[in-house]
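Participant: What follows is protein.cif; its format and atoms are mmCIF, N, CA and C atoms and all ligand atoms.
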```cif
data_upload
#
loop_
_atom_site.label_atom_id
_atom_site.label_comp_id
_atom_site.auth_asym_id
_atom_site.auth_seq_id
_atom_site.Cartn_x
_atom_site.Cartn_y
_atom_site.Cartn_z
N MET W 1 16.84 -8.94 20.45
CA MET W 1 15.56 -9.47 19.97
C MET W 1 14.46 -8.46 20.28
N SER W 2 13.58 -8.20 19.30
CA SER W 2 12.54 -7.21 19.53
C SER W 2 11.49 -7.76 20.50
N GLU W 3 10.78 -6.84 21.12
CA GLU W 3 9.80 -7.23 22.14
C GLU W 3 8.64 -7.99 21.49
N LYS W 4 8.07 -8.92 22.23
CA LYS W 4 6.94 -9.70 21.71
C LYS W 4 5.71 -8.80 21.54
N THR W 5 4.92 -9.12 20.53
CA THR W 5 3.64 -8.42 20.38
C THR W 5 2.66 -8.97 21.42
N LEU W 6 1.58 -8.22 21.62
CA LEU W 6 0.52 -8.68 22.54
C LEU W 6 0.05 -10.08 22.15
N PHE W 7 -0.13 -10.30 20.86
CA PHE W 7 -0.67 -11.60 20.43
C PHE W 7 0.38 -12.71 20.55
N GLN W 8 1.67 -12.37 20.43
CA GLN W 8 2.69 -13.39 20.70
C GLN W 8 2.65 -13.80 22.18
N LYS W 9 2.46 -12.80 23.05
CA LYS W 9 2.38 -13.11 24.49
C LYS W 9 1.17 -13.99 24.77
N ILE W 10 0.06 -13.72 24.08
CA ILE W 10 -1.13 -14.57 24.24
C ILE W 10 -0.83 -15.97 23.71
N HIS W 11 -0.22 -16.05 22.54
CA HIS W 11 0.13 -17.35 21.95
C HIS W 11 0.99 -18.17 22.91
N ASP W 12 1.94 -17.50 23.55
CA ASP W 12 2.89 -18.19 24.43
C ASP W 12 2.35 -18.40 25.84
N GLY W 13 1.09 -17.99 26.08
CA GLY W 13 0.47 -18.21 27.38
C GLY W 13 0.89 -17.23 28.45
N GLU W 14 1.58 -16.16 28.05
CA GLU W 14 2.02 -15.16 29.04
C GLU W 14 0.88 -14.22 29.42
N ILE W 15 -0.10 -14.13 28.54
CA ILE W 15 -1.31 -13.35 28.82
C ILE W 15 -2.48 -14.30 28.58
N PRO W 16 -3.41 -14.38 29.55
CA PRO W 16 -4.52 -15.33 29.37
C PRO W 16 -5.45 -14.93 28.23
N SER W 17 -6.05 -15.93 27.63
CA SER W 17 -7.03 -15.66 26.56
C SER W 17 -7.96 -16.85 26.47
N ASP W 18 -9.02 -16.66 25.74
CA ASP W 18 -9.93 -17.74 25.43
C ASP W 18 -9.55 -18.23 24.04
N MET W 19 -8.66 -19.21 23.96
CA MET W 19 -8.16 -19.69 22.67
C MET W 19 -9.04 -20.83 22.20
N VAL W 20 -9.56 -20.71 20.99
CA VAL W 20 -10.50 -21.72 20.51
C VAL W 20 -9.90 -22.63 19.44
N TYR W 21 -8.71 -22.28 18.94
CA TYR W 21 -8.07 -23.08 17.89
C TYR W 21 -6.59 -22.73 17.86
N LYS W 22 -5.78 -23.74 17.55
CA LYS W 22 -4.34 -23.50 17.45
C LYS W 22 -3.72 -24.55 16.54
N ASP W 23 -2.87 -24.15 15.61
CA ASP W 23 -2.06 -25.11 14.88
C ASP W 23 -0.68 -24.49 14.68
N GLU W 24 0.14 -25.10 13.82
CA GLU W 24 1.52 -24.60 13.71
C GLU W 24 1.61 -23.25 13.00
N HIS W 25 0.56 -22.89 12.26
CA HIS W 25 0.60 -21.66 11.46
C HIS W 25 -0.16 -20.49 12.07
N CYS W 26 -1.24 -20.81 12.79
CA CYS W 26 -2.08 -19.73 13.29
C CYS W 26 -2.82 -20.16 14.55
N PHE W 27 -3.42 -19.19 15.21
CA PHE W 27 -4.24 -19.49 16.38
C PHE W 27 -5.41 -18.53 16.39
N VAL W 28 -6.44 -18.91 17.16
CA VAL W 28 -7.69 -18.15 17.15
C VAL W 28 -8.13 -17.91 18.58
N ILE W 29 -8.41 -16.64 18.89
CA ILE W 29 -8.87 -16.30 20.24
C ILE W 29 -10.20 -15.55 20.14
N LYS W 30 -10.93 -15.55 21.26
CA LYS W 30 -12.13 -14.71 21.33
C LYS W 30 -11.68 -13.29 21.61
N ASP W 31 -12.26 -12.33 20.90
CA ASP W 31 -11.93 -10.92 21.14
C ASP W 31 -12.36 -10.53 22.56
N ILE W 32 -11.48 -9.80 23.24
CA ILE W 32 -11.75 -9.42 24.63
C ILE W 32 -12.90 -8.41 24.72
N ASN W 33 -13.16 -7.73 23.65
CA ASN W 33 -14.20 -6.70 23.62
C ASN W 33 -15.11 -6.95 22.41
N PRO W 34 -15.91 -8.03 22.49
CA PRO W 34 -16.62 -8.48 21.28
C PRO W 34 -17.64 -7.46 20.77
N ARG W 35 -17.65 -7.31 19.46
CA ARG W 35 -18.60 -6.39 18.83
C ARG W 35 -19.70 -7.17 18.10
N ALA W 36 -19.76 -8.45 18.35
CA ALA W 36 -20.82 -9.31 17.81
C ALA W 36 -20.91 -10.51 18.74
N PRO W 37 -22.03 -11.25 18.73
CA PRO W 37 -22.15 -12.41 19.62
C PRO W 37 -20.99 -13.41 19.44
N VAL W 38 -20.55 -13.58 18.22
CA VAL W 38 -19.31 -14.33 17.97
C VAL W 38 -18.31 -13.34 17.40
N HIS W 39 -17.18 -13.18 18.06
CA HIS W 39 -16.13 -12.29 17.55
C HIS W 39 -14.79 -12.93 17.85
N LEU W 40 -14.22 -13.52 16.80
CA LEU W 40 -12.94 -14.23 16.92
C LEU W 40 -11.86 -13.45 16.19
N LEU W 41 -10.61 -13.68 16.61
CA LEU W 41 -9.45 -13.10 15.94
C LEU W 41 -8.59 -14.26 15.45
N VAL W 42 -8.33 -14.30 14.15
CA VAL W 42 -7.49 -15.33 13.54
C VAL W 42 -6.12 -14.71 13.31
N ILE W 43 -5.09 -15.30 13.92
CA ILE W 43 -3.80 -14.62 14.04
C ILE W 43 -2.67 -15.56 13.58
N PRO W 44 -1.79 -15.11 12.68
CA PRO W 44 -0.66 -15.97 12.31
C PRO W 44 0.33 -16.07 13.48
N VAL W 45 0.95 -17.23 13.63
CA VAL W 45 1.98 -17.38 14.66
C VAL W 45 3.13 -16.41 14.36
N LYS W 46 3.48 -16.29 13.10
CA LYS W 46 4.53 -15.33 12.70
C LYS W 46 4.02 -13.91 12.96
N PRO W 47 4.81 -13.09 13.62
CA PRO W 47 4.33 -11.74 13.97
C PRO W 47 4.40 -10.76 12.80
N ILE W 48 3.63 -11.06 11.76
CA ILE W 48 3.51 -10.14 10.62
C ILE W 48 2.81 -8.88 11.14
N ILE W 49 3.35 -7.72 10.85
CA ILE W 49 2.80 -6.49 11.43
C ILE W 49 1.40 -6.20 10.88
N SER W 50 1.25 -6.27 9.58
CA SER W 50 -0.05 -5.93 8.97
C SER W 50 -0.06 -6.43 7.54
N LEU W 51 -1.21 -6.28 6.87
CA LEU W 51 -1.29 -6.64 5.45
C LEU W 51 -0.25 -5.89 4.64
N ALA W 52 0.07 -4.68 5.07
CA ALA W 52 1.04 -3.85 4.34
C ALA W 52 2.47 -4.35 4.50
N HIS W 53 2.67 -5.31 5.38
CA HIS W 53 4.02 -5.83 5.65
C HIS W 53 4.19 -7.28 5.20
N LEU W 54 3.24 -7.80 4.43
CA LEU W 54 3.35 -9.19 3.98
C LEU W 54 4.57 -9.36 3.08
N GLU W 55 5.19 -10.53 3.19
CA GLU W 55 6.29 -10.89 2.30
C GLU W 55 5.81 -11.98 1.35
N ASP W 56 6.52 -12.16 0.25
CA ASP W 56 6.05 -13.09 -0.78
C ASP W 56 5.80 -14.49 -0.22
N ASP W 57 6.62 -14.94 0.73
CA ASP W 57 6.44 -16.31 1.22
C ASP W 57 5.36 -16.41 2.31
N ASP W 58 4.62 -15.34 2.52
CA ASP W 58 3.50 -15.39 3.48
C ASP W 58 2.21 -15.88 2.83
N HIS W 59 2.25 -16.19 1.52
CA HIS W 59 0.99 -16.57 0.87
C HIS W 59 0.41 -17.84 1.48
N ALA W 60 1.25 -18.75 1.93
CA ALA W 60 0.74 -20.02 2.46
C ALA W 60 -0.03 -19.79 3.76
N VAL W 61 0.54 -19.01 4.66
CA VAL W 61 -0.15 -18.78 5.93
C VAL W 61 -1.41 -17.95 5.72
N MET W 62 -1.37 -17.01 4.78
CA MET W 62 -2.57 -16.20 4.52
C MET W 62 -3.68 -17.07 3.92
N GLY W 63 -3.31 -17.95 3.00
CA GLY W 63 -4.30 -18.85 2.42
C GLY W 63 -4.86 -19.80 3.47
N HIS W 64 -3.98 -20.27 4.32
CA HIS W 64 -4.39 -21.17 5.40
C HIS W 64 -5.44 -20.50 6.29
N MET W 65 -5.19 -19.26 6.65
CA MET W 65 -6.14 -18.56 7.54
C MET W 65 -7.45 -18.28 6.82
N MET W 66 -7.38 -17.92 5.55
CA MET W 66 -8.61 -17.66 4.80
C MET W 66 -9.48 -18.93 4.71
N LEU W 67 -8.84 -20.06 4.52
CA LEU W 67 -9.59 -21.31 4.42
C LEU W 67 -10.13 -21.76 5.77
N LEU W 68 -9.45 -21.36 6.83
CA LEU W 68 -9.91 -21.73 8.18
C LEU W 68 -11.20 -20.99 8.55
N LEU W 69 -11.41 -19.81 8.00
CA LEU W 69 -12.56 -18.98 8.39
C LEU W 69 -13.88 -19.73 8.27
N ARG W 70 -14.05 -20.42 7.16
CA ARG W 70 -15.35 -21.08 6.94
C ARG W 70 -15.57 -22.19 7.94
N LYS W 71 -14.50 -22.86 8.34
CA LYS W 71 -14.64 -23.94 9.33
C LYS W 71 -14.99 -23.35 10.69
N LEU W 72 -14.31 -22.27 11.06
CA LEU W 72 -14.61 -21.60 12.34
C LEU W 72 -16.05 -21.12 12.35
N ALA W 73 -16.49 -20.56 11.22
CA ALA W 73 -17.86 -20.04 11.13
C ALA W 73 -18.86 -21.15 11.40
N VAL W 74 -18.64 -22.30 10.80
CA VAL W 74 -19.56 -23.42 11.01
C VAL W 74 -19.51 -23.88 12.46
N GLU W 75 -18.29 -24.02 12.99
CA GLU W 75 -18.14 -24.51 14.37
C GLU W 75 -18.78 -23.57 15.39
N HIS W 76 -18.81 -22.29 15.08
CA HIS W 76 -19.35 -21.31 16.03
C HIS W 76 -20.78 -20.89 15.69
N GLY W 77 -21.43 -21.68 14.85
CA GLY W 77 -22.86 -21.51 14.61
C GLY W 77 -23.22 -20.44 13.60
N LEU W 78 -22.24 -19.95 12.86
CA LEU W 78 -22.53 -18.88 11.90
C LEU W 78 -22.88 -19.40 10.52
N GLY W 79 -22.56 -20.66 10.29
CA GLY W 79 -22.84 -21.24 8.97
C GLY W 79 -22.14 -20.48 7.87
N GLU W 80 -22.92 -20.03 6.89
CA GLU W 80 -22.35 -19.31 5.74
C GLU W 80 -22.59 -17.81 5.84
N HIS W 81 -22.84 -17.32 7.06
CA HIS W 81 -23.22 -15.91 7.24
C HIS W 81 -22.31 -15.26 8.28
N PHE W 82 -21.33 -14.53 7.84
CA PHE W 82 -20.41 -13.89 8.79
C PHE W 82 -19.72 -12.71 8.13
N LYS W 83 -19.09 -11.91 8.99
CA LYS W 83 -18.40 -10.71 8.53
C LYS W 83 -16.92 -10.86 8.89
N THR W 84 -16.04 -10.44 7.99
CA THR W 84 -14.61 -10.45 8.29
C THR W 84 -14.06 -9.03 8.12
N GLN W 85 -13.00 -8.76 8.86
CA GLN W 85 -12.40 -7.42 8.80
C GLN W 85 -10.91 -7.53 9.10
N ILE W 86 -10.12 -6.83 8.33
CA ILE W 86 -8.68 -6.73 8.61
C ILE W 86 -8.32 -5.25 8.61
N ASN W 87 -8.02 -4.70 9.76
CA ASN W 87 -7.63 -3.29 9.86
C ASN W 87 -6.13 -3.18 9.60
N THR W 88 -5.76 -2.19 8.83
CA THR W 88 -4.35 -2.06 8.42
C THR W 88 -3.85 -0.64 8.66
N GLY W 89 -2.90 -0.54 9.57
CA GLY W 89 -2.29 0.76 9.87
C GLY W 89 -3.16 1.60 10.80
N GLU W 90 -2.51 2.56 11.44
CA GLU W 90 -3.25 3.42 12.40
C GLU W 90 -4.47 4.06 11.77
N ARG W 91 -4.31 4.60 10.56
CA ARG W 91 -5.43 5.28 9.93
C ARG W 91 -6.43 4.28 9.37
N GLY W 92 -6.06 3.02 9.35
CA GLY W 92 -6.99 1.95 8.95
C GLY W 92 -7.67 1.32 10.15
N GLY W 93 -7.46 1.91 11.33
CA GLY W 93 -8.15 1.42 12.53
C GLY W 93 -7.43 0.30 13.26
N GLN W 94 -6.18 0.00 12.84
CA GLN W 94 -5.46 -1.09 13.51
C GLN W 94 -4.92 -0.62 14.86
N GLU W 95 -5.19 -1.43 15.89
CA GLU W 95 -4.71 -1.09 17.24
C GLU W 95 -3.62 -2.05 17.72
N VAL W 96 -3.69 -3.29 17.27
CA VAL W 96 -2.67 -4.27 17.65
C VAL W 96 -1.86 -4.59 16.39
N PHE W 97 -0.56 -4.32 16.45
CA PHE W 97 0.27 -4.39 15.25
C PHE W 97 0.90 -5.78 15.09
N HIS W 98 0.00 -6.73 15.02
CA HIS W 98 0.28 -8.13 14.68
C HIS W 98 -0.96 -8.55 13.90
N LEU W 99 -0.76 -8.77 12.60
CA LEU W 99 -1.88 -9.04 11.69
C LEU W 99 -2.94 -9.97 12.31
N HIS W 100 -4.19 -9.65 12.09
CA HIS W 100 -5.26 -10.52 12.56
C HIS W 100 -6.51 -10.28 11.73
N ILE W 101 -7.27 -11.34 11.56
CA ILE W 101 -8.55 -11.27 10.84
C ILE W 101 -9.67 -11.35 11.87
N HIS W 102 -10.53 -10.34 11.88
CA HIS W 102 -11.72 -10.39 12.72
C HIS W 102 -12.76 -11.27 12.02
N LEU W 103 -13.35 -12.20 12.76
CA LEU W 103 -14.47 -13.00 12.26
C LEU W 103 -15.65 -12.75 13.20
N MET W 104 -16.71 -12.19 12.65
CA MET W 104 -17.84 -11.76 13.49
C MET W 104 -19.16 -12.26 12.92
N GLY W 105 -20.09 -12.52 13.82
CA GLY W 105 -21.42 -12.91 13.36
C GLY W 105 -22.33 -13.27 14.50
N THR W 106 -23.55 -13.59 14.13
CA THR W 106 -24.58 -13.98 15.10
C THR W 106 -25.03 -15.39 14.77
N PRO W 107 -24.90 -16.30 15.74
CA PRO W 107 -25.30 -17.68 15.46
C PRO W 107 -26.82 -17.77 15.30
N VAL W 108 -27.26 -18.73 14.50
CA VAL W 108 -28.69 -19.02 14.43
C VAL W 108 -29.02 -19.88 15.65
N ASN W 109 -30.02 -19.49 16.39
CA ASN W 109 -30.47 -20.12 17.66
C ASN W 109 -29.52 -19.83 18.80
P1 LIG H 201 -7.60 -4.00 15.62
O1 LIG H 201 -8.24 -2.71 15.98
O2 LIG H 201 -6.08 -3.96 15.79
O3 LIG H 201 -8.01 -4.52 14.28
O4 LIG H 201 -8.17 -5.07 16.63
C1 LIG H 201 -7.56 -5.43 17.81
C2 LIG H 201 -8.56 -6.25 18.57
O5 LIG H 201 -7.86 -6.91 19.61
C3 LIG H 201 -9.68 -5.43 19.21
O6 LIG H 201 -10.94 -5.89 18.71
C4 LIG H 201 -9.52 -5.68 20.69
O7 LIG H 201 -10.74 -5.80 21.38
C5 LIG H 201 -8.72 -6.97 20.73
N1 LIG H 201 -7.84 -7.10 21.90
C6 LIG H 201 -7.01 -6.15 22.41
N2 LIG H 201 -6.35 -6.62 23.47
C7 LIG H 201 -6.77 -7.90 23.64
C8 LIG H 201 -6.44 -8.91 24.59
O8 LIG H 201 -5.61 -8.74 25.50
N3 LIG H 201 -7.07 -10.11 24.46
C9 LIG H 201 -7.99 -10.35 23.47
N4 LIG H 201 -8.55 -11.56 23.43
N5 LIG H 201 -8.32 -9.42 22.55
C10 LIG H 201 -7.72 -8.21 22.64
#
```
Can the structure in the file be given as structure tokens, please?
Facilitator:
Amino acid sequence: MSEKTLFQKIHDGEIPSDMVYKDEHCFVIKDINPRAPVHLLVIPVKPIISLAHLEDDDHAVMGHMMLLLRKLAVEHGLGEHFKTQINTGERGGQEVFHLHIHLMGTPVN
């Protein structure tokens, strides 16, 4: 069995994190090195390496995560104003090779 990714270890509680959401398909943690007042990482439970490694049957989990973004934004005070980022591959700035969506923004008040 291949070694767990950093985010799998976080999901399984082997590495502590500030987890703000979890369901059977994905989980959400606060970025350890936030680049905005709100900086969350939305991560599939399945250890998909990157956008470049998606398989055809990953459309459900990807759609699920995309739809979750707006709810997280509202819950964290961002409303309809936020930035998302998905880094893909080393030259795309990816450092953790378990797909994740950055959700960043500044809450009003
Ligand atoms: P990437 O560059 O791969 O798109 O983003 C990886 C992100 O994971 C970075 O923003 C980095 O701060 C965050 N990160 C790395 N290690 C940890 C960790 O152990 N815990 C948390 N919560 N975030 C991490």
Participant: Within 10 Å of ligand LIG 201 (chain H) (counting only C-alpha atoms and all ligand atoms), which residues show up? I'd like them as a VMD selection string.
Facilitator: chain W and resid 6 to 7 9 to 10 15 to 19 28 to 35 39 to 41 50 85 to 90 92 to 102
Participant: May I ask for the distance between atom N of Lys4 (chain W) and atom N of Val45 (chain W), given in Å to one decimal place?
Facilitator: 13.9 Å
Participant: Between atom N of Ser2 (chain W) and atom N of Leu103 (chain W), what is the spacing in Å?
Facilitator: 28.0 Å
Participant: Smallest atom-to-atom distance to Gly79 (chain W): which of W:Gly13, W:Pro47, W:Pro107, W:Pro37, using only N, CA and C atoms?
Facilitator: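 Checking each of W:Gly13, W:Pro47, W:Pro107, W:Pro37 against Gly79 (chain W), counting only N, CA and C atoms, the winner is W:Pro107.
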Participant: From chain W, collect each residue whose DSSP state is helix (DSSP H, G or I) and return the set as a count of residues only.
Facilitator: 32
Participant: Can you measure atom C of Leu69 (chain W) to atom C of Ala52 (chain W) for me? One decimal in Å is fine.
Facilitator: 22.8 Å
Participant: When you look at Glu80 (chain W) with a cut-off of 8 Å (counting only N, CA and C atoms), what residues show up, excluding the ones that are within fewer than 4 positions of it in the same chain? I need them as a list in words.
Facilitator: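 The residues that qualify are Arg70, Ala73 and Val74 of chain W.
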Participant: Write down as number ranges by chain the residues belonging to region 33-99 of chain W that are assigned strand (DSSP E or B) by DSSP computed on the backbone.
Facilitator: W: 38-44, 83-85
Participant: Give me the residues within 8 Å of Met65 (chain W) as a count of residues only, counting all atoms listed in the file and dropping any in the same chain fewer than 5 places off.
Facilitator: 8
Participant: Could you write region 92-103 of chain W as a PDB file, in the frame of the given file, with all heavy atoms rebuilt where they are missing?
Facilitator:
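Written file, part-v9.pdb:
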```pdb
ATOM      1  N   GLY W  92      -6.060   3.020   9.350  1.00  0.00           N
ATOM      2  CA  GLY W  92      -6.990   1.950   8.950  1.00  0.00           C
ATOM      3  C   GLY W  92      -7.670   1.320  10.150  1.00  0.00           C
ATOM      4  O   GLY W  92      -8.336   0.291  10.016  1.00  0.00           O
ATOM      5  N   GLY W  93      -7.460   1.910  11.330  1.00  0.00           N
ATOM      6  CA  GLY W  93      -8.150   1.420  12.530  1.00  0.00           C
ATOM      7  C   GLY W  93      -7.430   0.300  13.260  1.00  0.00           C
ATOM      8  O   GLY W  93      -7.977  -0.292  14.190  1.00  0.00           O
ATOM      9  N   GLN W  94      -6.180   0.000  12.840  1.00  0.00           N
ATOM     10  CA  GLN W  94      -5.460  -1.090  13.510  1.00  0.00           C
ATOM     11  C   GLN W  94      -4.920  -0.620  14.860  1.00  0.00           C
ATOM     12  O   GLN W  94      -4.301   0.445  14.951  1.00  0.00           O
ATOM     13  CB  GLN W  94      -4.297  -1.578  12.619  1.00  0.00           C
ATOM     14  CG  GLN W  94      -3.610  -2.813  13.167  1.00  0.00           C
ATOM     15  CD  GLN W  94      -2.557  -3.372  12.208  1.00  0.00           C
ATOM     16  OE1 GLN W  94      -2.305  -2.808  11.132  1.00  0.00           O
ATOM     17  NE2 GLN W  94      -1.941  -4.475  12.588  1.00  0.00           N
ATOM     18  N   GLU W  95      -5.190  -1.430  15.890  1.00  0.00           N
ATOM     19  CA  GLU W  95      -4.710  -1.090  17.240  1.00  0.00           C
ATOM     20  C   GLU W  95      -3.620  -2.050  17.720  1.00  0.00           C
ATOM     21  O   GLU W  95      -2.763  -1.664  18.505  1.00  0.00           O
ATOM     22  CB  GLU W  95      -5.876  -1.102  18.232  1.00  0.00           C
ATOM     23  CG  GLU W  95      -6.854   0.041  17.968  1.00  0.00           C
ATOM     24  CD  GLU W  95      -8.083  -0.009  18.863  1.00  0.00           C
ATOM     25  OE1 GLU W  95      -8.195  -0.932  19.683  1.00  0.00           O
ATOM     26  OE2 GLU W  95      -8.929   0.890  18.705  1.00  0.00           O
ATOM     27  N   VAL W  96      -3.690  -3.290  17.270  1.00  0.00           N
ATOM     28  CA  VAL W  96      -2.670  -4.270  17.650  1.00  0.00           C
ATOM     29  C   VAL W  96      -1.860  -4.590  16.390  1.00  0.00           C
ATOM     30  O   VAL W  96      -2.407  -5.078  15.391  1.00  0.00           O
ATOM     31  CB  VAL W  96      -3.309  -5.557  18.222  1.00  0.00           C
ATOM     32  CG1 VAL W  96      -2.227  -6.583  18.548  1.00  0.00           C
ATOM     33  CG2 VAL W  96      -4.141  -5.237  19.463  1.00  0.00           C
ATOM     34  N   PHE W  97      -0.560  -4.320  16.450  1.00  0.00           N
ATOM     35  CA  PHE W  97       0.270  -4.390  15.250  1.00  0.00           C
ATOM     36  C   PHE W  97       0.900  -5.780  15.090  1.00  0.00           C
ATOM     37  O   PHE W  97       2.117  -5.958  15.055  1.00  0.00           O
ATOM     38  CB  PHE W  97       1.271  -3.230  15.229  1.00  0.00           C
ATOM     39  CG  PHE W  97       0.549  -1.938  14.990  1.00  0.00           C
ATOM     40  CD1 PHE W  97       0.040  -1.202  16.052  1.00  0.00           C
ATOM     41  CD2 PHE W  97       0.270  -1.516  13.695  1.00  0.00           C
ATOM     42  CE1 PHE W  97      -0.701  -0.045  15.837  1.00  0.00           C
ATOM     43  CE2 PHE W  97      -0.475  -0.359  13.460  1.00  0.00           C
ATOM     44  CZ  PHE W  97      -0.959   0.375  14.539  1.00  0.00           C
ATOM     45  N   HIS W  98       0.000  -6.730  15.020  1.00  0.00           N
ATOM     46  CA  HIS W  98       0.280  -8.130  14.680  1.00  0.00           C
ATOM     47  C   HIS W  98      -0.960  -8.550  13.900  1.00  0.00           C
ATOM     48  O   HIS W  98      -2.059  -8.588  14.462  1.00  0.00           O
ATOM     49  CB  HIS W  98       0.481  -8.945  15.971  1.00  0.00           C
ATOM     50  CG  HIS W  98       0.799 -10.397  15.753  1.00  0.00           C
ATOM     51  ND1 HIS W  98       1.507 -11.136  16.683  1.00  0.00           N
ATOM     52  CD2 HIS W  98       0.478 -11.256  14.753  1.00  0.00           C
ATOM     53  CE1 HIS W  98       1.628 -12.387  16.237  1.00  0.00           C
ATOM     54  NE2 HIS W  98       1.001 -12.489  15.076  1.00  0.00           N
ATOM     55  N   LEU W  99      -0.760  -8.770  12.600  1.00  0.00           N
ATOM     56  CA  LEU W  99      -1.880  -9.040  11.690  1.00  0.00           C
ATOM     57  C   LEU W  99      -2.940  -9.970  12.310  1.00  0.00           C
ATOM     58  O   LEU W  99      -2.579 -10.942  12.982  1.00  0.00           O
ATOM     59  CB  LEU W  99      -1.331  -9.705  10.435  1.00  0.00           C
ATOM     60  CG  LEU W  99      -2.333  -9.980   9.330  1.00  0.00           C
ATOM     61  CD1 LEU W  99      -2.356  -8.831   8.366  1.00  0.00           C
ATOM     62  CD2 LEU W  99      -2.028 -11.245   8.590  1.00  0.00           C
ATOM     63  N   HIS W 100      -4.190  -9.650  12.090  1.00  0.00           N
ATOM     64  CA  HIS W 100      -5.260 -10.520  12.560  1.00  0.00           C
ATOM     65  C   HIS W 100      -6.510 -10.280  11.730  1.00  0.00           C
ATOM     66  O   HIS W 100      -6.756  -9.174  11.262  1.00  0.00           O
ATOM     67  CB  HIS W 100      -5.566 -10.280  14.049  1.00  0.00           C
ATOM     68  CG  HIS W 100      -5.734  -8.838  14.407  1.00  0.00           C
ATOM     69  ND1 HIS W 100      -4.669  -7.983  14.559  1.00  0.00           N
ATOM     70  CD2 HIS W 100      -6.841  -8.091  14.597  1.00  0.00           C
ATOM     71  CE1 HIS W 100      -5.113  -6.779  14.845  1.00  0.00           C
ATOM     72  NE2 HIS W 100      -6.432  -6.806  14.871  1.00  0.00           N
ATOM     73  N   ILE W 101      -7.270 -11.340  11.560  1.00  0.00           N
ATOM     74  CA  ILE W 101      -8.550 -11.270  10.840  1.00  0.00           C
ATOM     75  C   ILE W 101      -9.670 -11.350  11.870  1.00  0.00           C
ATOM     76  O   ILE W 101      -9.746 -12.301  12.647  1.00  0.00           O
ATOM     77  CB  ILE W 101      -8.704 -12.451   9.847  1.00  0.00           C
ATOM     78  CG1 ILE W 101      -7.509 -12.524   8.892  1.00  0.00           C
ATOM     79  CG2 ILE W 101     -10.017 -12.323   9.070  1.00  0.00           C
ATOM     80  CD1 ILE W 101      -7.496 -13.800   8.040  1.00  0.00           C
ATOM     81  N   HIS W 102     -10.530 -10.340  11.880  1.00  0.00           N
ATOM     82  CA  HIS W 102     -11.720 -10.390  12.720  1.00  0.00           C
ATOM     83  C   HIS W 102     -12.760 -11.270  12.020  1.00  0.00           C
ATOM     84  O   HIS W 102     -13.030 -11.081  10.822  1.00  0.00           O
ATOM     85  CB  HIS W 102     -12.329  -8.991  12.888  1.00  0.00           C
ATOM     86  CG  HIS W 102     -11.469  -8.015  13.623  1.00  0.00           C
ATOM     87  ND1 HIS W 102     -11.651  -7.713  14.959  1.00  0.00           N
ATOM     88  CD2 HIS W 102     -10.427  -7.252  13.209  1.00  0.00           C
ATOM     89  CE1 HIS W 102     -10.759  -6.797  15.334  1.00  0.00           C
ATOM     90  NE2 HIS W 102     -10.007  -6.501  14.287  1.00  0.00           N
ATOM     91  N   LEU W 103     -13.350 -12.200  12.760  1.00  0.00           N
ATOM     92  CA  LEU W 103     -14.470 -13.000  12.260  1.00  0.00           C
ATOM     93  C   LEU W 103     -15.650 -12.750  13.200  1.00  0.00           C
ATOM     94  O   LEU W 103     -15.551 -13.029  14.401  1.00  0.00           O
ATOM     95  CB  LEU W 103     -14.098 -14.493  12.263  1.00  0.00           C
ATOM     96  CG  LEU W 103     -15.234 -15.479  11.969  1.00  0.00           C
ATOM     97  CD1 LEU W 103     -15.797 -15.290  10.561  1.00  0.00           C
ATOM     98  CD2 LEU W 103     -14.754 -16.914  12.143  1.00  0.00           C
TER      99      LEU W 103
END
```
